[in-house]
Amino acid sequence: MSNDNRQEAAARPPSGSASLIPPPDATAPVRHPDAPAPGELLGSHYEHCFGCGGLQPHGLHLEARAREGVRVTAEFTVRPAHQGAPGLAHGGVLATALDETLGSLNWLLRVIAVTGRLETDFVRPVPVDSVLHLDAEVNAVAGRKIYCSAVGRIGSPEGPVAVRASALFIEVKVDHFIDNGRSEEIQAVMADPDQVRRTRAFEVNP
Ligand SMILES: CCCCCCCC/C=C\CCCCCCCC(=O)SCCNC(=O)CCNC(=O)[C@H](O)C(C)(C)COP(=O)(O)OP(=O)(O)OC[C@H]1O[C@@H](n2cnc3c(N)ncnc32)[C@H](O)[C@@H]1OP(=O)(O)O
């Protein structure tokens, strides 16, 4: 793709499917009063998470930071292990980085929500060793449905747009994990006071 065409593609709004358009009764997202302050690192919601877990040796080790409003930013360094084509990031890995950044918005709403739908535009190839600057925000909320979007730029927060995502997250109760997760890991997190504290940080009425 030529540079001109790339800029045009980057400027184009994502062509989301109908289920990603907030319904007329959707409301503006509300930042929870106890949300981490703007600039604060959010930490990991689960130490073994592939996206953000510090104890996950195969993971992306994404570190997200709270911003004003219901917005987060994160940085992801593309490593040789993330290649799809020679020297270029795998699209699925980039989608994971977007998914994780969008998932971090949970901290600001103080709800637990999982990805229901994630649509991704890959606008520009991302070379190995690049730092992808991710920026995500909640656009609207309708009941349990959280409409959000994210963009990833190469090299700096003002760098060229490489990826965009639109997503629908669905609020769930903690039982979602207890009922569906493998019992080995569920028992381990329930026995870990640190993890219980982390999970409580998402719930208004735990
Ligand atoms: C003690 C243990 C503690 C452990 C806790 C650890 C800490 C946790 C903290 C924080 C976790 C954050 C993790 C972030 C990680 C990054 C994000 C991910 O990758 S998450 C993983 C990938 N996603 C999934 O695995 C979802 C799998 N899907 C499901 O489980 C269900 O489908 C679910 C929950 C999404 C919805 O199921 P329903 O039965 O609850 O609800 P229904 O009625 O189907 O949907 C509700 C509304 O949403 C719409 N909806 C649902 N899915 C949709 C879709 N795919 N597209 C469009 N609309 C959808 C429906 O049409 C419905 O809309 P209408 O209310 O009728 O208007």
# chains A, B, ... in the order shown; residues from 1 in each chain; ligands from 1

call {"tool": "select_by_dssp", "arguments": {"residues": "region 7-84 of chain A", "states": "strand (DSSP E or B)", "output": "count of residues only"}}
result
14

call {"tool": "residues_around", "arguments": {"residues": "His61 (chain A)", "least_positions_apart": "2", "cutoff": "10 Å", "atoms": "only C-alpha atoms", "output": "list in words"}}
result
Ser44, Glu47, Cys49, Phe50, Gly51, Cys52, Gly53, Gly54, Leu55, Gln56, Pro57, His58, Gly59, Glu63, Ala64, Glu75, Phe76, Thr77 and Ala97 of chain A

call {"tool": "closest_residue", "arguments": {"among": "A:Asp99, A:Glu40, A:Asp192, A:Glu68", "to": "ligand 1", "atoms": "only C-alpha atoms and all ligand atoms"}}
result
A:Asp99

call {"tool": "closest_residue", "arguments": {"among": "A:Ala191, A:Val114, A:Cys148, A:Leu132", "to": "ligand 1", "atoms": "only C-alpha atoms and all ligand atoms"}}
result
A:Val114

call {"tool": "atom_distance", "arguments": {"atom1": "CA of Phe177 (chain A)", "atom2": "atom 9 (C, counted along the ligand's line) of ligand 1"}}
result
8.8 Å

call {"tool": "residues_near_ligand", "arguments": {"ligand": "ligand 1", "cutoff": "7 Å", "atoms": "only C-alpha atoms and all ligand atoms", "output": "tab-separated table (two decimals) with N, CA and C atoms, in the first residue's frame"}}
result
chain	number	residue	atom	x	y	z
A	19	SER	N	-24.01	-4.54	15.40
A	19	SER	CA	-24.05	-4.83	16.84
A	19	SER	C	-23.03	-4.02	17.63
A	20	LEU	N	-22.16	-3.28	16.93
A	20	LEU	CA	-21.20	-2.44	17.64
A	20	LEU	C	-21.65	-0.98	17.70
A	45	HIS	N	-4.90	-7.75	36.16
A	45	HIS	CA	-6.11	-8.26	36.81
A	45	HIS	C	-5.92	-9.71	37.23
A	46	TYR	N	-4.89	-10.38	36.63
A	46	TYR	CA	-4.61	-11.78	36.94
A	46	TYR	C	-3.18	-12.05	36.50
A	99	ASP	N	-7.38	-6.18	22.58
A	99	ASP	CA	-8.38	-6.79	23.47
A	99	ASP	C	-8.01	-6.52	24.93
A	100	GLU	N	-6.74	-6.72	25.24
A	100	GLU	CA	-6.28	-6.53	26.62
A	100	GLU	C	-6.41	-5.07	27.05
A	103	GLY	N	-9.92	-4.39	27.66
A	103	GLY	CA	-10.31	-5.06	28.91
A	103	GLY	C	-9.90	-4.25	30.13
A	104	SER	N	-8.80	-3.49	30.02
A	104	SER	CA	-8.33	-2.68	31.15
A	104	SER	C	-9.30	-1.56	31.50
A	106	ASN	N	-12.16	-1.91	32.29
A	106	ASN	CA	-12.93	-2.43	33.44
A	106	ASN	C	-12.56	-1.72	34.74
A	112	ILE	N	-16.77	-6.00	36.04
A	112	ILE	CA	-16.08	-7.09	35.35
A	112	ILE	C	-16.81	-7.30	34.04
A	113	ALA	N	-16.08	-7.21	32.95
A	113	ALA	CA	-16.70	-7.41	31.64
A	113	ALA	C	-15.76	-8.23	30.77
A	114	VAL	N	-16.36	-9.04	29.90
A	114	VAL	CA	-15.56	-9.86	28.98
A	114	VAL	C	-15.87	-9.46	27.54
A	115	THR	N	-14.97	-9.77	26.66
A	115	THR	CA	-15.15	-9.41	25.26
A	115	THR	C	-16.27	-10.25	24.65
A	116	GLY	N	-17.29	-9.59	24.11
A	116	GLY	CA	-18.33	-10.31	23.36
A	116	GLY	C	-17.98	-10.28	21.89
A	117	ARG	N	-17.57	-9.13	21.42
A	117	ARG	CA	-17.23	-8.95	20.00
A	117	ARG	C	-16.04	-8.01	19.88
A	144	ARG	N	-25.85	-4.10	30.35
A	144	ARG	CA	-24.58	-4.83	30.55
A	144	ARG	C	-23.62	-4.63	29.39
A	145	LYS	N	-24.05	-3.92	28.36
A	145	LYS	CA	-23.23	-3.81	27.14
A	145	LYS	C	-22.36	-2.55	27.17
A	168	LEU	N	-17.44	-4.80	21.73
A	168	LEU	CA	-18.57	-4.85	22.67
A	168	LEU	C	-18.15	-5.77	23.81
A	170	ILE	N	-19.22	-7.33	27.58
A	170	ILE	CA	-20.45	-7.65	28.31
A	170	ILE	C	-20.11	-7.82	29.78
A	172	VAL	N	-20.21	-9.12	33.40
A	172	VAL	CA	-20.52	-10.43	34.01
A	172	VAL	C	-20.26	-10.34	35.52
A	174	VAL	N	-18.68	-12.28	39.00
A	174	VAL	CA	-17.49	-13.07	39.25
A	174	VAL	C	-17.79	-14.57	39.05
A	177	PHE	N	-16.47	-16.62	36.05
A	177	PHE	CA	-15.17	-17.31	36.08
A	177	PHE	C	-15.25	-18.56	36.95
A	178	ILE	N	-15.93	-18.43	38.08
A	178	ILE	CA	-16.02	-19.57	39.00
A	178	ILE	C	-16.75	-20.74	38.31
A	186	ILE	N	-9.10	-21.75	39.51
A	186	ILE	CA	-10.08	-21.02	40.32
A	186	ILE	C	-9.74	-21.18	41.81
A	189	VAL	N	-6.74	-19.01	42.71
A	189	VAL	CA	-6.96	-17.56	42.87
A	189	VAL	C	-7.80	-17.29	44.12
A	190	MET	N	-8.71	-18.19	44.46
A	190	MET	CA	-9.54	-17.96	45.64
A	190	MET	C	-8.73	-18.09	46.93
A	196	VAL	N	-7.86	-11.99	45.32
A	196	VAL	CA	-9.22	-11.69	45.76
A	196	VAL	C	-9.39	-10.17	45.85
A	198	ARG	N	-7.70	-7.94	44.14
A	198	ARG	CA	-7.71	-7.43	42.76
A	198	ARG	C	-9.10	-7.58	42.13
A	199	THR	N	-9.69	-8.76	42.32
A	199	THR	CA	-11.01	-9.02	41.73
A	199	THR	C	-12.03	-8.08	42.34
A	202	PHE	N	-12.93	-4.60	40.99
A	202	PHE	CA	-13.79	-4.43	39.82
A	202	PHE	C	-15.26	-4.38	40.19

call {"tool": "closest_residue", "arguments": {"among": "A:Arg71, A:Arg65, A:Arg110, A:His133", "to": "Val163 (chain A)", "atoms": "only C-alpha atoms"}}
result
A:His133

call {"tool": "atom_distance", "arguments": {"atom1": "CA of Val123 (chain A)", "atom2": "CA of Leu102 (chain A)"}}
result
18.4 Å

call {"tool": "closest_residue", "arguments": {"among": "A:Glu119, A:Asp25, A:Glu184, A:Asp135", "to": "Ser156 (chain A)", "atoms": "only C-alpha atoms"}}
result
A:Asp135

call {"tool": "closest_residue", "arguments": {"among": "A:Ser149, A:Ser130, A:Thr27, A:Thr120", "to": "Phe169 (chain A)", "atoms": "only C-alpha atoms"}}
result
A:Ser149

call {"tool": "select_by_dssp", "arguments": {"residues": "chain A", "states": "helix (DSSP H, G or I)", "output": "compact mmCIF listing (two decimals) with N, CA and C atoms, in the first residue's frame"}}
result
# COMPACT_ATOMS: atom_id res chain seq x y z
N ASN A 3 2.03 5.20 0.79
CA ASN A 3 1.88 6.00 2.00
C ASN A 3 0.58 6.79 1.99
N ASP A 4 0.20 7.32 0.80
CA ASP A 4 -1.03 8.09 0.71
C ASP A 4 -2.23 7.23 1.05
N ASN A 5 -2.24 6.01 0.49
CA ASN A 5 -3.36 5.10 0.74
C ASN A 5 -3.43 4.69 2.21
N ARG A 6 -2.23 4.52 2.80
CA ARG A 6 -2.19 4.14 4.22
C ARG A 6 -2.79 5.25 5.09
N GLN A 7 -2.43 6.52 4.76
CA GLN A 7 -2.97 7.63 5.54
C GLN A 7 -4.48 7.69 5.39
N GLU A 8 -4.94 7.43 4.18
CA GLU A 8 -6.38 7.44 3.94
C GLU A 8 -7.07 6.35 4.76
N ALA A 9 -6.46 5.15 4.77
CA ALA A 9 -7.04 4.04 5.52
C ALA A 9 -7.05 4.35 7.02
N ALA A 10 -5.97 5.00 7.48
CA ALA A 10 -5.87 5.31 8.91
C ALA A 10 -6.94 6.32 9.32
N ALA A 11 -7.28 7.22 8.41
CA ALA A 11 -8.24 8.27 8.74
C ALA A 11 -9.68 7.75 8.69
N ALA A 18 -23.32 -3.78 12.79
CA ALA A 18 -24.44 -3.11 13.47
C ALA A 18 -24.43 -3.34 14.97
N SER A 19 -24.01 -4.54 15.40
CA SER A 19 -24.05 -4.83 16.84
C SER A 19 -23.03 -4.02 17.63
N LEU A 20 -22.16 -3.28 16.93
CA LEU A 20 -21.20 -2.44 17.64
C LEU A 20 -21.65 -0.98 17.70
N PRO A 80 10.41 -10.66 18.84
CA PRO A 80 10.54 -11.66 17.76
C PRO A 80 9.54 -12.81 17.90
N ALA A 81 9.16 -13.15 19.14
CA ALA A 81 8.20 -14.25 19.36
C ALA A 81 6.79 -13.89 18.85
N HIS A 82 6.56 -12.62 18.53
CA HIS A 82 5.23 -12.17 18.10
C HIS A 82 5.08 -12.10 16.58
N GLY A 91 -1.02 -10.61 13.24
CA GLY A 91 -2.27 -9.85 13.44
C GLY A 91 -3.03 -10.30 14.68
N GLY A 92 -3.02 -11.59 14.95
CA GLY A 92 -3.74 -12.10 16.12
C GLY A 92 -3.13 -11.60 17.42
N VAL A 93 -1.81 -11.44 17.40
CA VAL A 93 -1.14 -10.90 18.60
C VAL A 93 -1.54 -9.43 18.79
N LEU A 94 -1.60 -8.70 17.68
CA LEU A 94 -2.01 -7.29 17.77
C LEU A 94 -3.46 -7.19 18.25
N ALA A 95 -4.31 -8.11 17.78
CA ALA A 95 -5.70 -8.12 18.24
C ALA A 95 -5.75 -8.40 19.75
N THR A 96 -4.86 -9.28 20.21
CA THR A 96 -4.79 -9.57 21.65
C THR A 96 -4.40 -8.32 22.44
N ALA A 97 -3.42 -7.59 21.92
CA ALA A 97 -2.99 -6.37 22.60
C ALA A 97 -4.15 -5.37 22.68
N LEU A 98 -4.91 -5.27 21.59
CA LEU A 98 -6.08 -4.38 21.59
C LEU A 98 -7.13 -4.87 22.59
N ASP A 99 -7.38 -6.18 22.58
CA ASP A 99 -8.38 -6.79 23.47
C ASP A 99 -8.01 -6.52 24.93
N GLU A 100 -6.74 -6.72 25.24
CA GLU A 100 -6.28 -6.53 26.62
C GLU A 100 -6.41 -5.07 27.05
N THR A 101 -6.04 -4.16 26.16
CA THR A 101 -6.14 -2.73 26.49
C THR A 101 -7.61 -2.36 26.72
N LEU A 102 -8.47 -2.84 25.85
CA LEU A 102 -9.91 -2.58 26.02
C LEU A 102 -10.41 -3.19 27.33
N GLY A 103 -9.92 -4.39 27.66
CA GLY A 103 -10.31 -5.06 28.91
C GLY A 103 -9.90 -4.25 30.13
N ASN A 106 -12.16 -1.91 32.29
CA ASN A 106 -12.93 -2.43 33.44
C ASN A 106 -12.56 -1.72 34.74
N TRP A 107 -11.26 -1.43 34.88
CA TRP A 107 -10.78 -0.82 36.13
C TRP A 107 -11.42 0.54 36.35
N LEU A 108 -11.72 1.24 35.28
CA LEU A 108 -12.24 2.60 35.41
C LEU A 108 -13.76 2.60 35.62
N LEU A 109 -14.42 1.59 35.06
CA LEU A 109 -15.87 1.48 35.28
C LEU A 109 -16.15 0.75 36.59
N ASP A 175 -19.06 -14.93 39.21
CA ASP A 175 -19.47 -16.33 38.99
C ASP A 175 -19.16 -16.82 37.57
N HIS A 176 -19.09 -15.89 36.64
CA HIS A 176 -18.74 -16.24 35.26
C HIS A 176 -17.45 -17.06 35.24
N PHE A 177 -16.47 -16.62 36.05
CA PHE A 177 -15.17 -17.31 36.08
C PHE A 177 -15.25 -18.56 36.95
N ILE A 178 -15.93 -18.43 38.08
CA ILE A 178 -16.02 -19.57 39.00
C ILE A 178 -16.75 -20.74 38.31
N ASP A 179 -17.81 -20.42 37.56
CA ASP A 179 -18.60 -21.47 36.90
C ASP A 179 -17.90 -22.06 35.68
N ASN A 180 -17.10 -21.25 35.00
CA ASN A 180 -16.55 -21.70 33.72
C ASN A 180 -15.06 -22.03 33.74
N SER A 183 -11.12 -25.76 37.58
CA SER A 183 -11.17 -25.65 39.05
C SER A 183 -9.78 -25.44 39.66
N GLU A 184 -8.76 -26.02 39.03
CA GLU A 184 -7.39 -25.87 39.53
C GLU A 184 -7.01 -24.38 39.70
N GLU A 185 -7.23 -23.62 38.63
CA GLU A 185 -6.86 -22.20 38.67
C GLU A 185 -7.81 -21.40 39.55
N ILE A 186 -9.10 -21.75 39.51
CA ILE A 186 -10.08 -21.02 40.32
C ILE A 186 -9.74 -21.18 41.81
N GLN A 187 -9.44 -22.41 42.21
CA GLN A 187 -9.09 -22.63 43.63
C GLN A 187 -7.83 -21.86 44.00
N ALA A 188 -6.88 -21.83 43.09
CA ALA A 188 -5.63 -21.11 43.36
C ALA A 188 -5.90 -19.61 43.57
N VAL A 189 -6.74 -19.01 42.71
CA VAL A 189 -6.96 -17.56 42.87
C VAL A 189 -7.80 -17.29 44.12
N MET A 190 -8.71 -18.19 44.46
CA MET A 190 -9.54 -17.96 45.64
C MET A 190 -8.73 -18.09 46.93
N PRO A 193 -5.06 -14.08 48.65
CA PRO A 193 -5.70 -12.84 49.09
C PRO A 193 -5.44 -11.66 48.15
N ASP A 194 -4.26 -11.66 47.54
CA ASP A 194 -3.92 -10.59 46.61
C ASP A 194 -4.85 -10.60 45.40
N GLN A 195 -5.13 -11.80 44.90
CA GLN A 195 -6.01 -11.94 43.74
C GLN A 195 -7.46 -11.61 44.12
N VAL A 196 -7.86 -11.99 45.32
CA VAL A 196 -9.22 -11.69 45.76
C VAL A 196 -9.39 -10.17 45.85
N ARG A 197 -8.35 -9.48 46.37
CA ARG A 197 -8.39 -8.01 46.46
C ARG A 197 -8.50 -7.39 45.06
N ARG A 198 -7.70 -7.94 44.14
CA ARG A 198 -7.71 -7.43 42.76
C ARG A 198 -9.10 -7.58 42.13
N THR A 199 -9.69 -8.76 42.32
CA THR A 199 -11.01 -9.02 41.73
C THR A 199 -12.03 -8.08 42.34
N ARG A 200 -11.93 -7.81 43.66
CA ARG A 200 -12.89 -6.92 44.35
C ARG A 200 -12.82 -5.50 43.79

call {"tool": "atom_distance", "arguments": {"atom1": "CA of Pro33 (chain A)", "atom2": "CA of Arg164 (chain A)"}}
result
28.6 Å

call {"tool": "residues_around", "arguments": {"residues": "Gly87 (chain A)", "least_positions_apart": "3", "cutoff": "9 Å", "atoms": "only C-alpha atoms", "output": "list in words"}}
result
Pro80, Gln83, Gly84, Val126, Pro127, Val128 and Asp129 of chain A
